[in-house]
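Next comes run22.pdb, a file with PDB, C-alpha atoms and all ligand atoms.
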```
ATOM      1  CA  MET A  17     -24.871 -47.112  -5.955
ATOM      2  CA  TYR A  18     -22.462 -48.161  -8.677
ATOM      3  CA  ILE A  19     -24.050 -49.046 -12.035
ATOM      4  CA  ILE A  20     -22.185 -50.083 -15.163
ATOM      5  CA  PHE A  21     -23.311 -50.277 -18.776
ATOM      6  CA  GLU A  22     -21.769 -53.158 -20.656
ATOM      7  CA  GLY A  23     -21.913 -54.472 -24.196
ATOM      8  CA  ILE A  24     -19.725 -54.851 -27.242
ATOM      9  CA  ASP A  25     -18.883 -51.986 -29.551
ATOM     10  CA  THR A  26     -21.836 -50.425 -31.484
ATOM     11  CA  CYS A  27     -24.492 -51.826 -29.108
ATOM     12  CA  GLY A  28     -25.880 -48.346 -28.317
ATOM     13  CA  LYS A  29     -24.706 -47.882 -24.729
ATOM     14  CA  SER A  30     -23.580 -44.311 -25.277
ATOM     15  CA  THR A  31     -26.920 -43.246 -26.790
ATOM     16  CA  GLN A  32     -28.765 -44.653 -23.795
ATOM     17  CA  ILE A  33     -26.389 -43.060 -21.310
ATOM     18  CA  GLU A  34     -26.971 -39.674 -22.967
ATOM     19  CA  LEU A  35     -30.753 -40.168 -22.623
ATOM     20  CA  LEU A  36     -30.396 -41.218 -18.997
ATOM     21  CA  LYS A  37     -28.654 -37.965 -18.118
ATOM     22  CA  LYS A  38     -32.045 -36.250 -18.441
ATOM     23  CA  SER A  39     -33.594 -38.549 -15.808
ATOM     24  CA  TYR A  40     -30.681 -38.647 -13.364
ATOM     25  CA  LYS A  41     -29.442 -35.080 -13.236
ATOM     26  CA  ASP A  42     -27.569 -35.570  -9.948
ATOM     27  CA  ALA A  43     -25.852 -38.819 -10.890
ATOM     28  CA  VAL A  44     -22.170 -38.976 -11.753
ATOM     29  CA  PHE A  45     -21.724 -40.104 -15.362
ATOM     30  CA  THR A  46     -18.357 -41.531 -16.262
ATOM     31  CA  TYR A  47     -16.605 -44.078 -18.463
ATOM     32  CA  GLU A  48     -13.717 -46.514 -18.886
ATOM     33  CA  PRO A  49     -11.167 -46.365 -20.323
ATOM     34  CA  GLY A  50     -10.368 -42.655 -20.118
ATOM     35  CA  GLY A  51     -12.620 -41.212 -17.422
ATOM     36  CA  THR A  52      -9.693 -39.601 -15.575
ATOM     37  CA  ALA A  53      -6.715 -37.489 -16.654
ATOM     38  CA  LEU A  54      -4.345 -40.460 -16.380
ATOM     39  CA  GLY A  55      -6.968 -42.652 -18.020
ATOM     40  CA  LYS A  56      -7.082 -40.384 -21.076
ATOM     41  CA  GLN A  57      -3.391 -40.994 -21.665
ATOM     42  CA  ILE A  58      -3.816 -44.745 -21.135
ATOM     43  CA  ARG A  59      -6.783 -44.811 -23.531
ATOM     44  CA  GLU A  60      -4.704 -43.120 -26.212
ATOM     45  CA  ILE A  61      -1.971 -45.747 -25.829
ATOM     46  CA  LEU A  62      -4.482 -48.605 -25.867
ATOM     47  CA  LEU A  63      -6.593 -47.638 -28.842
ATOM     48  CA  THR A  64      -3.876 -46.460 -31.201
ATOM     49  CA  GLY A  65      -1.877 -49.597 -31.640
ATOM     50  CA  GLN A  66       0.321 -50.253 -28.631
ATOM     51  CA  PRO A  67       1.119 -52.525 -26.804
ATOM     52  CA  ASP A  68       2.093 -55.832 -28.509
ATOM     53  CA  SER A  69       1.749 -57.883 -25.322
ATOM     54  CA  SER A  70      -1.848 -58.770 -24.465
ATOM     55  CA  ARG A  71      -0.889 -58.961 -20.783
ATOM     56  CA  ALA A  72       0.502 -55.432 -20.966
ATOM     57  CA  GLU A  73      -2.792 -54.383 -22.577
ATOM     58  CA  ILE A  74      -4.832 -55.971 -19.763
ATOM     59  CA  LEU A  75      -2.643 -54.300 -17.136
ATOM     60  CA  LEU A  76      -3.096 -50.905 -18.763
ATOM     61  CA  PHE A  77      -6.890 -51.303 -18.709
ATOM     62  CA  LEU A  78      -6.532 -52.298 -15.044
ATOM     63  CA  ALA A  79      -4.422 -49.228 -14.267
ATOM     64  CA  ASP A  80      -7.123 -47.090 -15.860
ATOM     65  CA  ARG A  81      -9.752 -48.936 -13.769
ATOM     66  CA  ALA A  82      -7.832 -48.495 -10.508
ATOM     67  CA  GLU A  83      -7.405 -44.754 -11.087
ATOM     68  CA  HIS A  84     -11.049 -44.424 -12.145
ATOM     69  CA  PHE A  85     -12.281 -46.253  -9.059
ATOM     70  CA  GLU A  86     -10.128 -44.273  -6.648
ATOM     71  CA  SER A  87     -10.850 -40.827  -8.032
ATOM     72  CA  ILE A  88     -14.384 -41.077  -9.458
ATOM     73  CA  VAL A  89     -16.344 -44.114  -8.257
ATOM     74  CA  LYS A  90     -15.255 -44.387  -4.615
ATOM     75  CA  PRO A  91     -15.854 -40.749  -3.605
ATOM     76  CA  ASN A  92     -19.357 -40.899  -5.140
ATOM     77  CA  LEU A  93     -20.637 -44.256  -3.944
ATOM     78  CA  CYS A  94     -23.179 -42.519  -1.694
ATOM     79  CA  ASN A  95     -24.639 -40.990  -4.873
ATOM     80  CA  ILE A  96     -25.436 -42.810  -8.151
ATOM     81  CA  VAL A  97     -22.396 -43.494 -10.321
ATOM     82  CA  ILE A  98     -23.179 -44.600 -13.876
ATOM     83  CA  SER A  99     -20.215 -45.815 -15.878
ATOM     84  CA  ASP A 100     -19.965 -46.628 -19.576
ATOM     85  CA  ARG A 101     -18.040 -49.919 -19.191
ATOM     86  CA  GLY A 102     -16.283 -51.441 -16.212
ATOM     87  CA  PHE A 103     -14.677 -54.679 -15.052
ATOM     88  CA  VAL A 104     -17.000 -56.888 -17.147
ATOM     89  CA  SER A 105     -15.394 -55.438 -20.278
ATOM     90  CA  GLY A 106     -12.057 -55.828 -18.521
ATOM     91  CA  MET A 107     -12.612 -59.554 -18.086
ATOM     92  CA  ALA A 108     -14.603 -60.393 -21.224
ATOM     93  CA  TYR A 109     -12.316 -58.714 -23.794
ATOM     94  CA  ALA A 110      -9.323 -60.328 -22.077
ATOM     95  CA  MET A 111     -10.946 -63.784 -21.978
ATOM     96  CA  ALA A 112     -11.918 -63.640 -25.655
ATOM     97  CA  GLY A 113      -8.358 -62.795 -26.659
ATOM     98  CA  ASN A 114      -6.377 -65.066 -24.337
ATOM     99  CA  ASP A 115      -7.135 -68.686 -23.522
ATOM    100  CA  ASP A 116      -4.061 -68.888 -21.273
ATOM    101  CA  ILE A 117      -5.432 -66.466 -18.661
ATOM    102  CA  SER A 118      -8.029 -67.896 -16.296
ATOM    103  CA  PHE A 119     -11.307 -66.445 -15.048
ATOM    104  CA  ASP A 120      -9.974 -66.547 -11.473
ATOM    105  CA  GLU A 121      -6.780 -64.676 -12.364
ATOM    106  CA  LEU A 122      -8.749 -61.976 -14.139
ATOM    107  CA  LEU A 123     -11.281 -61.704 -11.336
ATOM    108  CA  GLU A 124      -8.514 -61.308  -8.780
ATOM    109  CA  LEU A 125      -6.795 -58.599 -10.826
ATOM    110  CA  ASN A 126     -10.075 -56.742 -11.311
ATOM    111  CA  LEU A 127     -11.022 -56.961  -7.642
ATOM    112  CA  PHE A 128      -7.594 -55.528  -6.837
ATOM    113  CA  SER A 129      -8.184 -52.581  -9.180
ATOM    114  CA  LEU A 130     -11.654 -52.024  -7.659
ATOM    115  CA  GLN A 131     -10.560 -52.353  -4.031
ATOM    116  CA  GLY A 132     -12.926 -55.307  -3.807
ATOM    117  CA  VAL A 133     -16.020 -53.304  -4.809
ATOM    118  CA  LEU A 134     -18.105 -54.766  -7.652
ATOM    119  CA  PRO A 135     -20.990 -52.851  -9.289
ATOM    120  CA  ASP A 136     -24.433 -53.052  -7.670
ATOM    121  CA  LYS A 137     -26.227 -53.327 -11.015
ATOM    122  CA  ILE A 138     -25.313 -53.966 -14.627
ATOM    123  CA  ILE A 139     -27.135 -52.935 -17.804
ATOM    124  CA  LEU A 140     -25.982 -55.453 -20.436
ATOM    125  CA  PHE A 141     -26.631 -54.792 -24.123
ATOM    126  CA  VAL A 142     -26.684 -57.690 -26.563
ATOM    127  CA  ILE A 143     -26.718 -57.500 -30.331
ATOM    128  CA  ASP A 144     -27.198 -60.124 -33.068
ATOM    129  CA  LYS A 145     -24.471 -60.898 -35.592
ATOM    130  CA  GLU A 146     -26.220 -59.315 -38.579
ATOM    131  CA  SER A 147     -26.879 -55.995 -36.843
ATOM    132  CA  LEU A 148     -23.334 -55.952 -35.490
ATOM    133  CA  MET A 149     -21.900 -56.420 -38.986
ATOM    134  CA  GLN A 150     -24.115 -53.672 -40.322
ATOM    135  CA  ARG A 151     -23.226 -51.215 -37.553
ATOM    136  CA  LEU A 152     -19.481 -51.918 -37.664
ATOM    137  CA  GLY A 153     -19.563 -51.364 -41.415
ATOM    138  CA  GLN A 154     -20.841 -47.837 -40.874
ATOM    139  CA  LYS A 155     -18.019 -46.597 -38.650
ATOM    140  CA  GLY A 156     -14.247 -46.307 -38.453
ATOM    141  CA  MET A 157     -12.801 -49.006 -36.200
ATOM    142  CA  ASP A 158     -10.227 -48.765 -33.411
ATOM    143  CA  LYS A 159      -7.531 -51.364 -32.741
ATOM    144  CA  ILE A 160      -9.838 -53.561 -30.680
ATOM    145  CA  GLU A 161     -12.839 -53.436 -33.046
ATOM    146  CA  LEU A 162     -10.519 -54.469 -35.879
ATOM    147  CA  ARG A 163     -10.175 -57.889 -34.208
ATOM    148  CA  GLY A 164     -13.415 -58.797 -35.969
ATOM    149  CA  ILE A 165     -16.981 -59.997 -35.605
ATOM    150  CA  GLU A 166     -16.258 -63.436 -34.131
ATOM    151  CA  TYR A 167     -13.992 -61.903 -31.485
ATOM    152  CA  LEU A 168     -16.672 -59.382 -30.496
ATOM    153  CA  LEU A 169     -19.410 -62.044 -30.380
ATOM    154  CA  ASN A 170     -17.140 -64.116 -28.153
ATOM    155  CA  VAL A 171     -16.680 -61.087 -25.872
ATOM    156  CA  GLN A 172     -20.468 -60.718 -25.733
ATOM    157  CA  GLN A 173     -20.902 -64.359 -24.722
ATOM    158  CA  PHE A 174     -18.281 -64.006 -21.996
ATOM    159  CA  MET A 175     -19.982 -60.862 -20.660
ATOM    160  CA  THR A 176     -23.192 -62.779 -19.940
ATOM    161  CA  GLU A 177     -21.287 -65.687 -18.399
ATOM    162  CA  ILE A 178     -19.243 -63.444 -16.100
ATOM    163  CA  ILE A 179     -22.254 -61.497 -14.826
ATOM    164  CA  GLU A 180     -24.308 -64.660 -14.240
ATOM    165  CA  LYS A 181     -21.432 -66.405 -12.487
ATOM    166  CA  LEU A 182     -20.909 -63.477 -10.111
ATOM    167  CA  ARG A 183     -24.667 -63.101  -9.552
ATOM    168  CA  ILE A 184     -24.696 -59.356  -9.941
ATOM    169  CA  PRO A 185     -28.238 -58.002 -10.582
ATOM    170  CA  PHE A 186     -28.506 -57.210 -14.286
ATOM    171  CA  ILE A 187     -30.885 -56.485 -17.122
ATOM    172  CA  LYS A 188     -30.283 -57.740 -20.639
ATOM    173  CA  ILE A 189     -31.167 -55.188 -23.296
ATOM    174  CA  ASN A 190     -31.791 -56.086 -26.924
ATOM    175  CA  ALA A 191     -29.665 -53.507 -28.733
ATOM    176  CA  THR A 192     -31.977 -53.417 -31.747
ATOM    177  CA  ASP A 193     -35.108 -52.511 -29.767
ATOM    178  CA  ASP A 194     -36.632 -49.052 -29.995
ATOM    179  CA  ILE A 195     -34.524 -46.374 -28.265
ATOM    180  CA  GLU A 196     -37.401 -45.054 -26.116
ATOM    181  CA  ILE A 197     -38.433 -48.549 -25.028
ATOM    182  CA  ILE A 198     -34.861 -49.327 -23.970
ATOM    183  CA  ASN A 199     -34.695 -46.048 -22.056
ATOM    184  CA  ARG A 200     -37.827 -46.986 -20.088
ATOM    185  CA  GLN A 201     -36.538 -50.514 -19.398
ATOM    186  CA  ILE A 202     -33.332 -49.099 -17.956
ATOM    187  CA  ILE A 203     -35.064 -46.523 -15.771
ATOM    188  CA  ASN A 204     -37.451 -49.195 -14.424
ATOM    189  CA  PHE A 205     -34.551 -51.502 -13.665
ATOM    190  CA  ILE A 206     -32.591 -48.842 -11.794
ATOM    191  CA  TRP A 207     -35.677 -47.749  -9.905
ATOM    192  CA  GLU A 208     -37.094 -51.222  -9.121
ATOM    193  CA  GLN A 209     -34.238 -52.560  -7.090
ATOM    194  CA  LYS A 210     -33.285 -49.364  -5.337
TER     195      LYS A 210
HETATM  196  P1  LIG B 301     -15.122 -47.640 -25.859
HETATM  197  O1  LIG B 301     -15.066 -47.649 -27.354
HETATM  198  O2  LIG B 301     -16.385 -48.150 -25.281
HETATM  199  O3  LIG B 301     -14.675 -46.374 -25.257
HETATM  200  O4  LIG B 301     -14.036 -48.748 -25.345
HETATM  201  C1  LIG B 301     -12.798 -48.832 -25.858
HETATM  202  C2  LIG B 301     -12.460 -50.234 -26.296
HETATM  203  O5  LIG B 301     -11.721 -50.888 -25.272
HETATM  204  C3  LIG B 301     -13.631 -51.140 -26.620
HETATM  205  O6  LIG B 301     -13.322 -51.834 -27.823
HETATM  206  C4  LIG B 301     -13.670 -52.115 -25.481
HETATM  207  C5  LIG B 301     -12.243 -52.206 -25.051
HETATM  208  N1  LIG B 301     -11.988 -52.549 -23.644
HETATM  209  C6  LIG B 301     -11.159 -53.624 -23.326
HETATM  210  O7  LIG B 301     -10.672 -54.334 -24.215
HETATM  211  N2  LIG B 301     -10.884 -53.858 -22.016
HETATM  212  C7  LIG B 301     -11.381 -53.087 -21.014
HETATM  213  O8  LIG B 301     -11.088 -53.335 -19.835
HETATM  214  C8  LIG B 301     -12.254 -51.969 -21.364
HETATM  215  C9  LIG B 301     -12.828 -51.099 -20.296
HETATM  216  C10 LIG B 301     -12.516 -51.736 -22.686
END
```

Would you encode the structure as structure tokens?
Ligand code: TMP
Amino acid sequence: MYIIFEGIDTCGKSTQIELLKKSYKDAVFTYEPGGTALGKQIREILLTGQPDSSRAEILLFLADRAEHFESIVKPNLCNIVISDRGFVSGMAYAMAGNDDISFDELLELNLFSLQGVLPDKIILFVIDKESLMQRLGQKGMDKIELRGIEYLLNVQQFMTEIIEKLRIPFIKINATDDIEIINRQIINFIWEQK
């Protein structure tokens, strides 16, 4: 089973994934971008200022995704693979930054990178504007976060639309809820539909 955690920066995905490790000791925990050796190099390029071309940026994220799928997700599909981000980020961040690239083009590119395999379940975190502003103010920002609040809120909107359009089972998590409550919601969701 392939599960991805999605949500814009600061939504608390990483905290929840850390908590989940206690409940799913045999699962494979991974992330994009950077979950493989090649991916680490790509991540460095992506988050430190290069490239100028947004299409080059999308293709680099896709190269990371293809490598990640081949070497981490695919060999472990008989187990539980839990990834911090996946193709929903790939499509939503690209859609929010480029109105000249269509949903269908992005879907095709992402399916290519994933050998046609979409996640079985998605945990989607959503955050309100005020909390996002507060949380972003408390941390250093990478190249993508520096694009601003409206960009990130747009990404968040696209994430919901993409998941609903593709009809992938998902749970929407309110990022400002209590950490323990969120943890229980996630475990129930993973368990329920097994
Ligand atoms: P992270 O901070 O969750 O590790 O993700 C790195 C940044 O890259 C984050 O701002 C989201 C962004 N991103 C994309 O723009 N496209 C993608 O395909 C992925 C996976 C992440």

Of the candidates A:Leu162, A:Ile88, A:Ile195, A:Ala82, which one gets nearest to Ser30 of chain A if we count only C-alpha atoms?
A:Ile195

I would like the residues chosen by the PyMOL selection byres (((chain A and resi 189) around 7) and not hetatm) on the shown file; could you give them as number ranges by chain?
A: 140-142, 187-188, 190-191, 198

Excluding segment 167-175 of chain A and its own-chain neighbours fewer than 5 positions away, which residues fall within 8 Å of it when counting all atoms listed in the file? Please give them as a VMD selection string.
chain A and resid 22 to 25 104 to 105 107 to 109 111 to 113 142 145 161

Which residues, written as a PyMOL selection string, have at least one atom at most 9 Å from Gly65 of chain A, with only C-alpha atoms counted and residues fewer than 3 positions away on the same chain left out?
chain A and resi 60-62+68+158-160

Long-range neighbours of Phe21 of chain A as a list in words, 6 Å cut-off, all atoms listed in the file, 5 positions minimum in chain
Asp100, Arg101, Ile138 and Ile139 of chain A

With C-alpha atoms kept, could you save the residues just selected as a PDB file, in the coordinates of the input?
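Output (result-v5.pdb):
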```pdb
ATOM      1  CA  ASP A 100     -19.965 -46.628 -19.576  1.00  0.00           C
ATOM      2  CA  ARG A 101     -18.040 -49.919 -19.191  1.00  0.00           C
ATOM      3  CA  ILE A 138     -25.313 -53.966 -14.627  1.00  0.00           C
ATOM      4  CA  ILE A 139     -27.135 -52.935 -17.804  1.00  0.00           C
TER       5      ILE A 139
END
```

Within 8 Å of Leu78 of chain A, counting only C-alpha atoms, which residues qualify if same-chain residues fewer than 3 places away don't, as a PyMOL selection string?
chain A and resi 74-75+81-82+106+125-126+129

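Here the question is which of A:Leu76, A:Ile206, A:Ile143, A:Leu134 gets nearest to ligand LIG 301 (chain B) using only C-alpha atoms and all ligand atoms, and that residue is A:Leu76.
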
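The spacing separating atom C10 of ligand LIG 301 (chain B) from atom CA of Phe205 of chain A amounts to 23.8 Å.
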
Using all atoms listed in the file, give me every residue within 12 Å of (-31.5, -38.5, -11.2) in file coordinates, as a PyMOL selection string.
chain A and resi 35-45+95-98+203+206-207

Rounded to one decimal in Å, what is the spacing between atom C2 of ligand LIG 301 (chain B) and atom CA of Glu73 of chain A?
11.2 Å
